[in-house]
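Trainee: Next up, coords18.cif (mmCIF, C-alpha atoms).
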data_coords
#
loop_
_atom_site.group_PDB
_atom_site.id
_atom_site.type_symbol
_atom_site.label_atom_id
_atom_site.label_comp_id
_atom_site.auth_asym_id
_atom_site.auth_seq_id
_atom_site.Cartn_x
_atom_site.Cartn_y
_atom_site.Cartn_z
ATOM 1 C CA MET A 6 11.939 45.500 30.764
ATOM 2 C CA LYS A 7 11.741 41.956 32.119
ATOM 3 C CA THR A 8 8.137 41.723 30.962
ATOM 4 C CA ILE A 9 9.115 42.671 27.408
ATOM 5 C CA GLN A 10 11.995 40.191 27.461
ATOM 6 C CA HIS A 11 9.686 37.476 28.742
ATOM 7 C CA LEU A 12 7.216 38.218 25.971
ATOM 8 C CA ILE A 13 9.968 38.086 23.349
ATOM 9 C CA LEU A 14 11.286 34.792 24.729
ATOM 10 C CA ALA A 15 7.772 33.327 24.896
ATOM 11 C CA ALA A 16 7.056 34.370 21.325
ATOM 12 C CA ALA A 17 10.353 32.845 20.173
ATOM 13 C CA ALA A 18 9.548 29.610 22.003
ATOM 14 C CA LEU A 19 6.105 29.467 20.420
ATOM 15 C CA SER A 20 7.601 30.102 16.991
ATOM 16 C CA ALA A 21 10.201 27.367 17.479
ATOM 17 C CA SER A 22 7.525 24.983 18.703
ATOM 18 C CA ALA A 23 5.314 25.717 15.707
ATOM 19 C CA GLN A 24 8.253 25.256 13.338
ATOM 20 C CA ALA A 25 9.115 21.917 14.958
ATOM 21 C CA ALA A 26 5.497 20.791 14.647
ATOM 22 C CA ASP A 27 5.481 21.807 10.988
ATOM 23 C CA ASN A 28 8.478 19.511 10.388
ATOM 24 C CA VAL A 29 6.771 16.431 11.853
ATOM 25 C CA VAL A 30 5.116 14.084 9.355
ATOM 26 C CA ARG A 31 2.620 11.534 10.656
ATOM 27 C CA LEU A 32 2.844 8.484 8.396
ATOM 28 C CA GLY A 33 0.463 5.527 8.186
ATOM 29 C CA ASN A 34 1.922 2.297 6.803
ATOM 30 C CA LEU A 35 1.214 -1.441 6.414
ATOM 31 C CA LYS A 36 3.449 -4.387 7.315
ATOM 32 C CA PHE A 37 4.317 -5.848 3.920
ATOM 33 C CA ALA A 38 7.682 -6.433 2.259
ATOM 34 C CA HIS A 39 6.989 -3.986 -0.562
ATOM 35 C CA TYR A 40 6.103 -1.245 1.952
ATOM 36 C CA GLY A 41 9.662 -1.410 3.300
ATOM 37 C CA ALA A 42 11.097 1.644 1.565
ATOM 38 C CA VAL A 43 8.213 3.766 2.877
ATOM 39 C CA SER A 44 8.953 2.507 6.393
ATOM 40 C CA TYR A 45 12.645 3.344 5.934
ATOM 41 C CA ILE A 46 11.823 7.026 5.374
ATOM 42 C CA LYS A 47 11.701 7.550 9.136
ATOM 43 C CA GLU A 48 15.305 6.331 9.442
ATOM 44 C CA ILE A 49 16.693 9.004 7.096
ATOM 45 C CA ALA A 50 14.147 11.717 7.906
ATOM 46 C CA PRO A 51 16.538 13.763 10.099
ATOM 47 C CA LYS A 52 18.881 14.141 7.111
ATOM 48 C CA CYS A 53 15.934 15.553 5.181
ATOM 49 C CA GLY A 54 15.200 18.076 7.937
ATOM 50 C CA ILE A 55 12.024 16.398 9.179
ATOM 51 C CA LYS A 56 10.806 13.896 11.752
ATOM 52 C CA VAL A 57 8.556 11.036 10.637
ATOM 53 C CA GLU A 58 6.247 9.335 13.112
ATOM 54 C CA GLU A 59 5.196 5.977 11.634
ATOM 55 C CA ASN A 60 2.006 4.181 12.646
ATOM 56 C CA MET A 61 1.290 0.646 11.413
ATOM 57 C CA PHE A 62 -2.221 -0.409 10.377
ATOM 58 C CA ALA A 63 -3.834 -3.756 9.505
ATOM 59 C CA LYS A 64 -5.210 -2.679 6.117
ATOM 60 C CA GLY A 65 -5.506 0.268 3.747
ATOM 61 C CA PRO A 66 -9.028 1.406 4.709
ATOM 62 C CA ASP A 67 -7.779 1.856 8.289
ATOM 63 C CA VAL A 68 -5.159 4.280 6.961
ATOM 64 C CA MET A 69 -7.916 6.194 5.174
ATOM 65 C CA GLN A 70 -9.928 6.451 8.400
ATOM 66 C CA ALA A 71 -6.914 7.840 10.235
ATOM 67 C CA ILE A 72 -6.422 10.475 7.536
ATOM 68 C CA LEU A 73 -10.125 11.354 7.703
ATOM 69 C CA SER A 74 -9.892 11.817 11.466
ATOM 70 C CA GLY A 75 -6.882 14.101 11.052
ATOM 71 C CA ASP A 76 -4.414 11.718 12.706
ATOM 72 C CA LEU A 77 -2.188 11.249 9.649
ATOM 73 C CA ASP A 78 -0.564 13.490 7.060
ATOM 74 C CA VAL A 79 0.623 10.764 4.685
ATOM 75 C CA GLY A 80 -0.449 7.169 4.131
ATOM 76 C CA ALA A 81 0.808 4.155 2.188
ATOM 77 C CA THR A 82 -1.941 1.971 0.819
ATOM 78 C CA ALA A 83 -3.201 0.017 -2.148
ATOM 79 C CA SER A 84 -4.810 2.078 -4.884
ATOM 80 C CA GLU A 85 -8.251 0.575 -4.151
ATOM 81 C CA ALA A 86 -8.299 1.933 -0.607
ATOM 82 C CA ALA A 87 -7.175 5.347 -1.824
ATOM 83 C CA ILE A 88 -9.791 5.428 -4.586
ATOM 84 C CA SER A 89 -12.558 4.238 -2.286
ATOM 85 C CA GLY A 90 -11.523 6.788 0.329
ATOM 86 C CA ARG A 91 -11.535 9.644 -2.166
ATOM 87 C CA ALA A 92 -14.887 8.492 -3.581
ATOM 88 C CA ASN A 93 -16.406 8.658 -0.132
ATOM 89 C CA GLY A 94 -15.106 12.064 0.864
ATOM 90 C CA ALA A 95 -11.533 11.553 2.082
ATOM 91 C CA PRO A 96 -9.606 14.790 1.349
ATOM 92 C CA ILE A 97 -6.528 13.133 -0.135
ATOM 93 C CA TYR A 98 -4.231 13.305 -3.133
ATOM 94 C CA ILE A 99 -2.216 10.454 -4.616
ATOM 95 C CA VAL A 100 1.323 11.837 -4.791
ATOM 96 C CA ALA A 101 3.433 8.799 -5.790
ATOM 97 C CA GLY A 102 3.511 5.063 -6.366
ATOM 98 C CA PHE A 103 5.906 3.004 -4.246
ATOM 99 C CA ALA A 104 5.501 -0.600 -5.422
ATOM 100 C CA LYS A 105 3.707 -2.585 -8.083
ATOM 101 C CA GLY A 106 2.328 -6.104 -8.294
ATOM 102 C CA GLY A 107 2.270 -7.701 -4.857
ATOM 103 C CA ALA A 108 -0.580 -10.150 -5.399
ATOM 104 C CA ARG A 109 -0.841 -13.859 -6.046
ATOM 105 C CA LEU A 110 -3.644 -16.400 -6.248
ATOM 106 C CA VAL A 111 -2.499 -19.311 -4.086
ATOM 107 C CA ALA A 112 -4.302 -22.643 -3.720
ATOM 108 C CA ARG A 113 -3.951 -25.770 -1.620
ATOM 109 C CA PRO A 114 -1.669 -28.253 -3.435
ATOM 110 C CA ASP A 115 -4.241 -31.011 -2.947
ATOM 111 C CA GLY A 116 -7.234 -29.000 -4.163
ATOM 112 C CA GLY A 117 -6.990 -29.603 -7.899
ATOM 113 C CA ILE A 118 -7.050 -25.862 -8.661
ATOM 114 C CA LYS A 119 -4.902 -25.139 -11.713
ATOM 115 C CA SER A 120 -6.687 -22.061 -13.080
ATOM 116 C CA VAL A 121 -9.260 -19.439 -12.146
ATOM 117 C CA LYS A 122 -12.016 -21.555 -13.724
ATOM 118 C CA ASP A 123 -11.256 -24.274 -11.168
ATOM 119 C CA LEU A 124 -12.429 -21.947 -8.386
ATOM 120 C CA LYS A 125 -16.042 -22.817 -9.193
ATOM 121 C CA GLY A 126 -17.617 -24.417 -6.136
ATOM 122 C CA LYS A 127 -14.654 -23.454 -3.960
ATOM 123 C CA LYS A 128 -14.072 -21.248 -0.923
ATOM 124 C CA VAL A 129 -11.678 -18.403 -1.663
ATOM 125 C CA GLY A 130 -10.262 -16.066 0.974
ATOM 126 C CA VAL A 131 -9.421 -12.402 0.478
ATOM 127 C CA THR A 132 -9.056 -9.293 2.611
ATOM 128 C CA ARG A 133 -11.943 -6.886 2.179
ATOM 129 C CA GLY A 134 -11.090 -3.335 1.190
ATOM 130 C CA GLY A 135 -7.782 -3.938 -0.575
ATOM 131 C CA ILE A 136 -6.606 -4.166 -4.167
ATOM 132 C CA HIS A 137 -6.567 -7.955 -3.813
ATOM 133 C CA GLU A 138 -10.361 -7.922 -3.559
ATOM 134 C CA VAL A 139 -10.558 -5.912 -6.793
ATOM 135 C CA LEU A 140 -8.137 -8.267 -8.553
ATOM 136 C CA LEU A 141 -10.039 -11.347 -7.390
ATOM 137 C CA TYR A 142 -13.365 -10.020 -8.652
ATOM 138 C CA ALA A 143 -11.811 -8.882 -11.930
ATOM 139 C CA GLN A 144 -10.436 -12.394 -12.484
ATOM 140 C CA LEU A 145 -13.731 -14.083 -11.599
ATOM 141 C CA ALA A 146 -15.672 -11.736 -13.907
ATOM 142 C CA LYS A 147 -13.186 -12.336 -16.712
ATOM 143 C CA HIS A 148 -13.820 -16.074 -16.463
ATOM 144 C CA GLY A 149 -17.601 -15.750 -16.193
ATOM 145 C CA LEU A 150 -17.830 -16.768 -12.537
ATOM 146 C CA THR A 151 -20.217 -15.267 -9.991
ATOM 147 C CA TRP A 152 -19.326 -14.737 -6.340
ATOM 148 C CA SER A 153 -20.853 -13.997 -2.967
ATOM 149 C CA ASP A 154 -19.897 -14.017 0.715
ATOM 150 C CA SER A 155 -22.538 -16.696 1.219
ATOM 151 C CA ALA A 156 -23.312 -19.982 -0.525
ATOM 152 C CA GLY A 157 -25.333 -19.928 -3.740
ATOM 153 C CA LYS A 158 -22.897 -18.425 -6.266
ATOM 154 C CA ASP A 159 -20.063 -20.028 -8.235
ATOM 155 C CA VAL A 160 -17.452 -18.934 -5.715
ATOM 156 C CA HIS A 161 -17.920 -18.564 -1.964
ATOM 157 C CA VAL A 162 -15.748 -15.609 -0.885
ATOM 158 C CA ILE A 163 -14.519 -15.564 2.719
ATOM 159 C CA TYR A 164 -13.219 -12.258 4.087
ATOM 160 C CA LEU A 165 -10.242 -12.502 6.435
ATOM 161 C CA ALA A 166 -7.365 -10.261 7.490
ATOM 162 C CA PHE A 167 -4.118 -10.693 5.543
ATOM 163 C CA ALA A 168 -2.525 -12.219 8.625
ATOM 164 C CA ASP A 169 -5.242 -14.911 8.860
ATOM 165 C CA LEU A 170 -5.442 -16.022 5.226
ATOM 166 C CA ASN A 171 -2.384 -18.289 5.327
ATOM 167 C CA GLN A 172 -3.522 -19.990 8.506
ATOM 168 C CA ALA A 173 -6.952 -20.677 6.997
ATOM 169 C CA LEU A 174 -5.328 -22.172 3.881
ATOM 170 C CA LEU A 175 -2.955 -24.263 6.019
ATOM 171 C CA GLY A 176 -5.896 -25.523 8.086
ATOM 172 C CA LYS A 177 -7.771 -26.427 4.863
ATOM 173 C CA ASN A 178 -10.618 -24.082 5.780
ATOM 174 C CA LEU A 179 -10.112 -22.414 2.391
ATOM 175 C CA ASP A 180 -9.373 -23.806 -1.042
ATOM 176 C CA ALA A 181 -7.509 -20.739 -2.304
ATOM 177 C CA ILE A 182 -6.525 -17.219 -1.267
ATOM 178 C CA MET A 183 -5.745 -13.975 -3.055
ATOM 179 C CA GLN A 184 -2.790 -12.947 -0.917
ATOM 180 C CA SER A 185 -0.193 -10.198 -0.585
ATOM 181 C CA GLU A 186 3.582 -10.399 -0.112
ATOM 182 C CA PRO A 187 5.519 -11.840 1.619
ATOM 183 C CA GLN A 188 2.642 -14.016 2.866
ATOM 184 C CA SER A 189 1.960 -15.647 -0.511
ATOM 185 C CA SER A 190 5.663 -16.469 -0.926
ATOM 186 C CA GLN A 191 5.705 -17.929 2.587
ATOM 187 C CA ALA A 192 2.728 -20.189 1.809
ATOM 188 C CA ILE A 193 4.471 -21.502 -1.297
ATOM 189 C CA ASN A 194 7.906 -21.900 0.314
ATOM 190 C CA LYS A 195 6.437 -23.743 3.309
ATOM 191 C CA GLY A 196 4.578 -26.130 1.020
ATOM 192 C CA PHE A 197 0.966 -25.560 2.040
ATOM 193 C CA GLY A 198 0.251 -23.359 -0.960
ATOM 194 C CA MET A 199 0.923 -23.388 -4.691
ATOM 195 C CA GLU A 200 0.786 -20.509 -7.139
ATOM 196 C CA VAL A 201 -2.188 -20.554 -9.461
ATOM 197 C CA MET A 202 -1.392 -17.208 -11.060
ATOM 198 C CA LYS A 203 -0.229 -13.642 -10.634
ATOM 199 C CA PRO A 204 -3.450 -11.722 -11.424
ATOM 200 C CA TYR A 205 -2.035 -9.087 -13.743
ATOM 201 C CA ASP A 206 -3.871 -9.897 -16.976
ATOM 202 C CA THR A 207 -6.891 -7.648 -16.349
ATOM 203 C CA PRO A 208 -7.145 -4.027 -17.545
ATOM 204 C CA ILE A 209 -5.501 -2.965 -14.250
ATOM 205 C CA GLY A 210 -2.285 -4.825 -15.069
ATOM 206 C CA GLU A 211 0.150 -4.737 -12.159
ATOM 207 C CA PRO A 212 -1.568 -2.726 -9.415
ATOM 208 C CA VAL A 213 0.426 0.219 -8.099
ATOM 209 C CA ARG A 214 0.602 0.843 -4.349
ATOM 210 C CA THR A 215 -0.015 4.505 -3.682
ATOM 211 C CA LEU A 216 1.385 7.153 -1.392
ATOM 212 C CA VAL A 217 -1.357 9.593 -0.419
ATOM 213 C CA MET A 218 -1.276 12.967 1.334
ATOM 214 C CA SER A 219 -4.063 14.817 3.035
ATOM 215 C CA GLU A 220 -5.102 17.868 1.044
ATOM 216 C CA LYS A 221 -4.386 20.024 4.100
ATOM 217 C CA PHE A 222 -0.793 18.793 4.384
ATOM 218 C CA TYR A 223 -0.213 19.054 0.624
ATOM 219 C CA LYS A 224 -1.532 22.618 0.430
ATOM 220 C CA GLU A 225 -0.520 24.143 3.778
ATOM 221 C CA ASN A 226 2.815 22.422 4.558
ATOM 222 C CA ARG A 227 4.441 22.515 1.145
ATOM 223 C CA ALA A 228 8.013 22.851 2.411
ATOM 224 C CA THR A 229 7.689 19.858 4.738
ATOM 225 C CA ALA A 230 5.789 17.886 2.097
ATOM 226 C CA ALA A 231 8.633 18.538 -0.362
ATOM 227 C CA LYS A 232 11.208 17.338 2.178
ATOM 228 C CA PHE A 233 9.159 14.204 2.794
ATOM 229 C CA MET A 234 8.993 13.448 -0.926
ATOM 230 C CA SER A 235 12.753 13.896 -1.201
ATOM 231 C CA CYS A 236 13.140 11.381 1.632
ATOM 232 C CA PHE A 237 10.757 9.001 -0.138
ATOM 233 C CA VAL A 238 12.773 9.125 -3.349
ATOM 234 C CA GLN A 239 16.055 8.627 -1.459
ATOM 235 C CA ALA A 240 14.712 5.652 0.508
ATOM 236 C CA THR A 241 13.243 4.047 -2.598
ATOM 237 C CA LYS A 242 16.437 4.568 -4.609
ATOM 238 C CA LEU A 243 18.440 2.881 -1.852
ATOM 239 C CA PHE A 244 16.148 -0.149 -1.793
ATOM 240 C CA ILE A 245 16.224 -0.433 -5.600
ATOM 241 C CA ASP A 246 19.996 0.045 -5.927
ATOM 242 C CA ASN A 247 21.065 -1.865 -2.805
ATOM 243 C CA LYS A 248 18.939 -4.985 -2.498
ATOM 244 C CA ALA A 249 20.955 -6.258 0.467
ATOM 245 C CA ALA A 250 20.184 -3.100 2.456
ATOM 246 C CA GLY A 251 16.489 -3.392 1.628
ATOM 247 C CA GLU A 252 16.421 -7.062 2.605
ATOM 248 C CA LYS A 253 18.203 -6.423 5.897
ATOM 249 C CA TYR A 254 15.812 -3.652 6.893
ATOM 250 C CA VAL A 255 12.625 -5.508 5.925
ATOM 251 C CA ARG A 256 13.614 -8.856 7.399
ATOM 252 C CA GLU A 257 15.230 -7.589 10.598
ATOM 253 C CA SER A 258 13.490 -4.309 11.438
ATOM 254 C CA MET A 259 9.999 -4.859 10.022
ATOM 255 C CA PHE A 260 9.550 -8.628 10.383
ATOM 256 C CA LYS A 261 11.986 -9.359 13.252
ATOM 257 C CA ASN A 262 13.503 -12.261 11.273
ATOM 258 C CA GLN A 263 10.121 -13.982 10.868
ATOM 259 C CA ILE A 264 10.592 -14.249 7.091
ATOM 260 C CA THR A 265 13.435 -16.021 5.325
ATOM 261 C CA LYS A 266 15.792 -14.719 2.667
ATOM 262 C CA ASP A 267 13.867 -16.772 0.080
ATOM 263 C CA ASP A 268 10.552 -15.322 1.308
ATOM 264 C CA PHE A 269 11.886 -11.793 0.893
ATOM 265 C CA GLU A 270 13.466 -12.361 -2.511
ATOM 266 C CA ASP A 271 10.362 -14.096 -3.872
ATOM 267 C CA ALA A 272 8.147 -11.372 -2.451
ATOM 268 C CA ILE A 273 10.081 -8.465 -3.966
ATOM 269 C CA ALA A 274 10.363 -10.302 -7.297
ATOM 270 C CA ASN A 275 6.550 -10.134 -7.333
ATOM 271 C CA SER A 276 6.279 -6.617 -5.867
ATOM 272 C CA PRO A 277 9.197 -4.439 -7.036
ATOM 273 C CA TYR A 278 9.732 -0.978 -5.605
ATOM 274 C CA THR A 279 8.937 2.013 -7.799
ATOM 275 C CA TYR A 280 8.371 5.782 -7.563
ATOM 276 C CA ASP A 281 5.700 6.414 -10.108
ATOM 277 C CA VAL A 282 1.975 6.314 -10.641
ATOM 278 C CA SER A 283 -0.065 7.566 -13.584
ATOM 279 C CA ILE A 284 -3.446 9.207 -13.937
ATOM 280 C CA GLU A 285 -4.321 6.536 -16.511
ATOM 281 C CA HIS A 286 -3.588 3.650 -14.130
ATOM 282 C CA ILE A 287 -5.686 5.117 -11.330
ATOM 283 C CA GLN A 288 -8.553 5.857 -13.718
ATOM 284 C CA THR A 289 -8.505 2.290 -15.079
ATOM 285 C CA THR A 290 -8.480 0.882 -11.551
ATOM 286 C CA THR A 291 -11.409 3.142 -10.656
ATOM 287 C CA ASP A 292 -13.344 1.943 -13.703
ATOM 288 C CA VAL A 293 -12.778 -1.735 -12.831
ATOM 289 C CA MET A 294 -13.864 -1.079 -9.254
ATOM 290 C CA ALA A 295 -17.060 0.545 -10.468
ATOM 291 C CA LYS A 296 -17.735 -2.351 -12.852
ATOM 292 C CA THR A 297 -17.218 -5.029 -10.174
ATOM 293 C CA GLY A 298 -18.964 -3.102 -7.403
ATOM 294 C CA THR A 299 -15.869 -2.902 -5.212
ATOM 295 C CA GLY A 300 -15.245 -0.159 -2.691
ATOM 296 C CA LYS A 301 -18.856 1.014 -2.303
ATOM 297 C CA MET A 302 -18.084 4.312 -3.990
ATOM 298 C CA ARG A 303 -20.638 7.102 -3.688
ATOM 299 C CA THR A 304 -19.233 8.826 -6.756
ATOM 300 C CA PRO A 305 -16.250 7.307 -8.604
ATOM 301 C CA PRO A 306 -13.593 10.044 -8.625
ATOM 302 C CA LEU A 307 -11.842 11.244 -11.761
ATOM 303 C CA ALA A 308 -8.137 10.475 -11.455
ATOM 304 C CA LYS A 309 -7.096 13.732 -13.135
ATOM 305 C CA ASP A 310 -8.631 15.656 -10.253
ATOM 306 C CA TRP A 311 -6.611 14.109 -7.447
ATOM 307 C CA VAL A 312 -3.441 12.456 -8.769
ATOM 308 C CA LYS A 313 -0.808 15.123 -8.055
ATOM 309 C CA THR A 314 2.766 14.125 -8.879
ATOM 310 C CA ASP A 315 4.373 17.577 -8.928
ATOM 311 C CA LEU A 316 6.197 17.088 -5.597
ATOM 312 C CA LEU A 317 7.471 13.704 -6.774
ATOM 313 C CA ASP A 318 8.658 15.157 -10.076
ATOM 314 C CA GLN A 319 10.522 17.945 -8.244
ATOM 315 C CA ALA A 320 12.163 15.494 -5.848
ATOM 316 C CA LYS A 321 13.272 13.150 -8.615
ATOM 317 C CA LYS A 322 14.661 16.029 -10.644
ATOM 318 C CA SER A 323 16.609 17.486 -7.727
ATOM 319 C CA LEU A 324 18.102 14.052 -6.951
ATOM 320 C CA SER A 325 18.767 13.205 -10.624
ATOM 321 C CA VAL A 326 16.539 10.131 -10.455
ATOM 322 C CA GLN A 327 14.902 8.884 -13.637
#
Show me the file's structure as structure tokens.
Mentor:
Amino acid sequence: MKTIQHLILAAAALSASAQAADNVVRLGNLKFAHYGAVSYIKEIAPKCGIKVEENMFAKGPDVMQAILSGDLDVGATASEAAISGRANGAPIYIVAGFAKGGARLVARPDGGIKSVKDLKGKKVGVTRGGIHEVLLYAQLAKHGLTWSDSAGKDVHVIYLAFADLNQALLGKNLDAIMQSEPQSSQAINKGFGMEVMKPYDTPIGEPVRTLVMSEKFYKENRATAAKFMSCFVQATKLFIDNKAAGEKYVRESMFKNQITKDDFEDAIANSPYTYDVSIEHIQTTTDVMAKTGTGKMRTPPLAKDWVKTDLLDQAKKSLSVQ
């Protein structure tokens, strides 16, 4: 009798353990102001019936690698990293957009750079593998400028991490940078940078930051995936409706008071939170990437095959969110 009871108890324990594991979502994120609502999901996850384990990465392609290795279920990244990942075999779906914009061309105030054309003969910094690289190349191509990571072209592109771009501009090692938020706002507010432009006048328009899921998680953990998307919509709605709450969380929890109120407000003005992403936007971004040779895509993916917004649509409908 005891043996049977032990077996029943063991089976129940295994079932409970499996259920608990099914309710854990491993999330990859980046440390930017406009990624704040995604980070906040972990704070309200218990109310959604799940646990979210957040891991921070330096750039979007690192998130893709973690998904490829099976270490993440969901990732927040720029559309370029998602597209490049999918093109090179990453089994992912884009399931939502969480912010738009978030880019700015910033130059040294003493460099005489007033427009993109003035970048000729200059050193311009950008982070490789992000949407900012795509936007920079799209702008240079639009203005008939050539570029290379070595001397000999119109523009000498220097690849640095987001965290290092401002320091290189401050030290006058670069003439301009294509930077994210809140770093571009910080450069301007501290006086060592000036805005040249927000690069949204290419076919891409305002780039949408994308929330991606592994195909395995999307297909095999539908109930947990649906709960996660409900959490995403709730967190995003809070940050849109209650700007003070969003500011407090980003400034205090994410940046440990290393950015000012002005930095945050300027950053979010240039990178507002959103829920949505369209097949058309991802396809246009893919086409521009292919044209500019960004992302080293084996085969450019068709957006209609891997942009899946059904879970987002269900979550928004159930929460009466437009």
Trainee: Report the residues retrieved by the PyMOL selection byres ((chain A and resi 58-63) around 12) from the displayed file, expressed as a PDB file with C-alpha atoms, in the frame of the given file.
Mentor:
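Result file follows (result.pdb):
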ATOM      1  CA  ALA A  26       5.497  20.791  14.647  1.00  0.00           C
ATOM      2  CA  ASN A  28       8.478  19.511  10.388  1.00  0.00           C
ATOM      3  CA  VAL A  29       6.771  16.431  11.853  1.00  0.00           C
ATOM      4  CA  VAL A  30       5.116  14.084   9.355  1.00  0.00           C
ATOM      5  CA  ARG A  31       2.620  11.534  10.656  1.00  0.00           C
ATOM      6  CA  LEU A  32       2.844   8.484   8.396  1.00  0.00           C
ATOM      7  CA  GLY A  33       0.463   5.527   8.186  1.00  0.00           C
ATOM      8  CA  ASN A  34       1.922   2.297   6.803  1.00  0.00           C
ATOM      9  CA  LEU A  35       1.214  -1.441   6.414  1.00  0.00           C
ATOM     10  CA  LYS A  36       3.449  -4.387   7.315  1.00  0.00           C
ATOM     11  CA  PHE A  37       4.317  -5.848   3.920  1.00  0.00           C
ATOM     12  CA  TYR A  40       6.103  -1.245   1.952  1.00  0.00           C
ATOM     13  CA  GLY A  41       9.662  -1.410   3.300  1.00  0.00           C
ATOM     14  CA  VAL A  43       8.213   3.766   2.877  1.00  0.00           C
ATOM     15  CA  SER A  44       8.953   2.507   6.393  1.00  0.00           C
ATOM     16  CA  TYR A  45      12.645   3.344   5.934  1.00  0.00           C
ATOM     17  CA  ILE A  46      11.823   7.026   5.374  1.00  0.00           C
ATOM     18  CA  LYS A  47      11.701   7.550   9.136  1.00  0.00           C
ATOM     19  CA  GLU A  48      15.305   6.331   9.442  1.00  0.00           C
ATOM     20  CA  ALA A  50      14.147  11.717   7.906  1.00  0.00           C
ATOM     21  CA  PRO A  51      16.538  13.763  10.099  1.00  0.00           C
ATOM     22  CA  ILE A  55      12.024  16.398   9.179  1.00  0.00           C
ATOM     23  CA  LYS A  56      10.806  13.896  11.752  1.00  0.00           C
ATOM     24  CA  VAL A  57       8.556  11.036  10.637  1.00  0.00           C
ATOM     25  CA  LYS A  64      -5.210  -2.679   6.117  1.00  0.00           C
ATOM     26  CA  GLY A  65      -5.506   0.268   3.747  1.00  0.00           C
ATOM     27  CA  PRO A  66      -9.028   1.406   4.709  1.00  0.00           C
ATOM     28  CA  ASP A  67      -7.779   1.856   8.289  1.00  0.00           C
ATOM     29  CA  VAL A  68      -5.159   4.280   6.961  1.00  0.00           C
ATOM     30  CA  MET A  69      -7.916   6.194   5.174  1.00  0.00           C
ATOM     31  CA  GLN A  70      -9.928   6.451   8.400  1.00  0.00           C
ATOM     32  CA  ALA A  71      -6.914   7.840  10.235  1.00  0.00           C
ATOM     33  CA  ILE A  72      -6.422  10.475   7.536  1.00  0.00           C
ATOM     34  CA  ASP A  76      -4.414  11.718  12.706  1.00  0.00           C
ATOM     35  CA  LEU A  77      -2.188  11.249   9.649  1.00  0.00           C
ATOM     36  CA  ASP A  78      -0.564  13.490   7.060  1.00  0.00           C
ATOM     37  CA  VAL A  79       0.623  10.764   4.685  1.00  0.00           C
ATOM     38  CA  GLY A  80      -0.449   7.169   4.131  1.00  0.00           C
ATOM     39  CA  ALA A  81       0.808   4.155   2.188  1.00  0.00           C
ATOM     40  CA  THR A  82      -1.941   1.971   0.819  1.00  0.00           C
ATOM     41  CA  THR A 132      -9.056  -9.293   2.611  1.00  0.00           C
ATOM     42  CA  ARG A 133     -11.943  -6.886   2.179  1.00  0.00           C
ATOM     43  CA  GLY A 134     -11.090  -3.335   1.190  1.00  0.00           C
ATOM     44  CA  GLY A 135      -7.782  -3.938  -0.575  1.00  0.00           C
ATOM     45  CA  LEU A 165     -10.242 -12.502   6.435  1.00  0.00           C
ATOM     46  CA  ALA A 166      -7.365 -10.261   7.490  1.00  0.00           C
ATOM     47  CA  PHE A 167      -4.118 -10.693   5.543  1.00  0.00           C
ATOM     48  CA  ALA A 168      -2.525 -12.219   8.625  1.00  0.00           C
ATOM     49  CA  ASP A 169      -5.242 -14.911   8.860  1.00  0.00           C
ATOM     50  CA  PHE A 233       9.159  14.204   2.794  1.00  0.00           C
ATOM     51  CA  MET A 259       9.999  -4.859  10.022  1.00  0.00           C
TER      52      MET A 259
END
Trainee: Return the single residue from A:Val293, A:Ala230, A:Ile287, A:Ala83 that is closest to Trp311 of chain A, with distances computed using all atoms listed in the file.
Mentor: A:Ile287
Trainee: Pick out the residues sitting within 10 Å of Glu270 of chain A, and hand them over as a PyMOL selection string; count only C-alpha atoms, and ignore anything fewer than 2 positions along from it in its own chain.
Mentor: chain A and resi 38+187+190+248+252+265-268+272-276
Trainee: May I ask for the distance between atom CA of Gly117 of chain A and atom CA of His137 of chain A, given in Å to one decimal place?
Mentor: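 Atom-to-atom, atom CA of Gly117 of chain A and atom CA of His137 of chain A are spaced 22.0 Å apart.
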Trainee: Need the shell around Lys122 of chain A: protein/DNA/RNA residues with any atom at most 8 Å away, counting only C-alpha atoms. Skip same-chain ones fewer than 3 positions apart. Format as a PyMOL selection string?
Mentor: chain A and resi 125+145+148+150
Trainee: At a cut-off of 12 Å, using only C-alpha atoms, what residues contact Ser325 of chain A? Leave out same-chain residues fewer than 6 positions from it and give the result as a PyMOL selection string.
Mentor: chain A and resi 235+238-239+242+317-319
Trainee: Which neighbours of His286 of chain A fall inside 10 Å, counting all atoms listed in the file, when residues of the same chain fewer than 2 positions from it are skipped, and could you give them as a list in words?
Mentor: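 Residues meeting the cut-off are Ser84, Pro208, Ile209, Gly210, Glu211, Pro212, Val213, Val282, Ser283, Ile284, Gln288, Thr289, Thr290, Thr291, Asp292 and Ala308 of chain A.
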Trainee: Let me know the centre plus edge lengths, in Å and rounded to one decimal, of a box with edges along x, y and z that contains all listed atoms of segment 104-111 of chain A and is padded by 8 Å on every side, as AutoDock Vina command-line options.
Mentor:
--center_x 0.9 --center_y -10.0 --center_z -6.2 --size_x 25.1 --size_y 34.7 --size_z 20.2
Trainee: Counting all atoms listed in the file, what is within 9 Å of Lys147 of chain A, bar same-chain residues fewer than 4 positions away, as a PyMOL selection string?
Mentor: chain A and resi 142-143+207
Trainee: Just how far from atom CA of Val217 of chain A is atom CA of Ala101 of chain A, in Å to one decimal?
Mentor: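 Those two atoms sit 7.2 Å apart.
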Trainee: When distances are computed from only C-alpha atoms, which of A:Asp123, A:Val111, A:Lys195, A:Asp27 shows the smallest separation from Phe222 of chain A?
Mentor: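 Closest to Phe222 of chain A of all the choices is A:Asp27.
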Trainee: Between atom CA of Arg113 of chain A and atom CA of Ala181 of chain A, measure the distance and give it in Å to one decimal.
Mentor: 6.2 Å
Trainee: Care to translate the PyMOL selection byres ((chain A and resi 115) around 12) into actual residues of this file, as a ChimeraX atom specification?
Mentor: /A:111-114,116-119,174-175,177,179-181,196-199
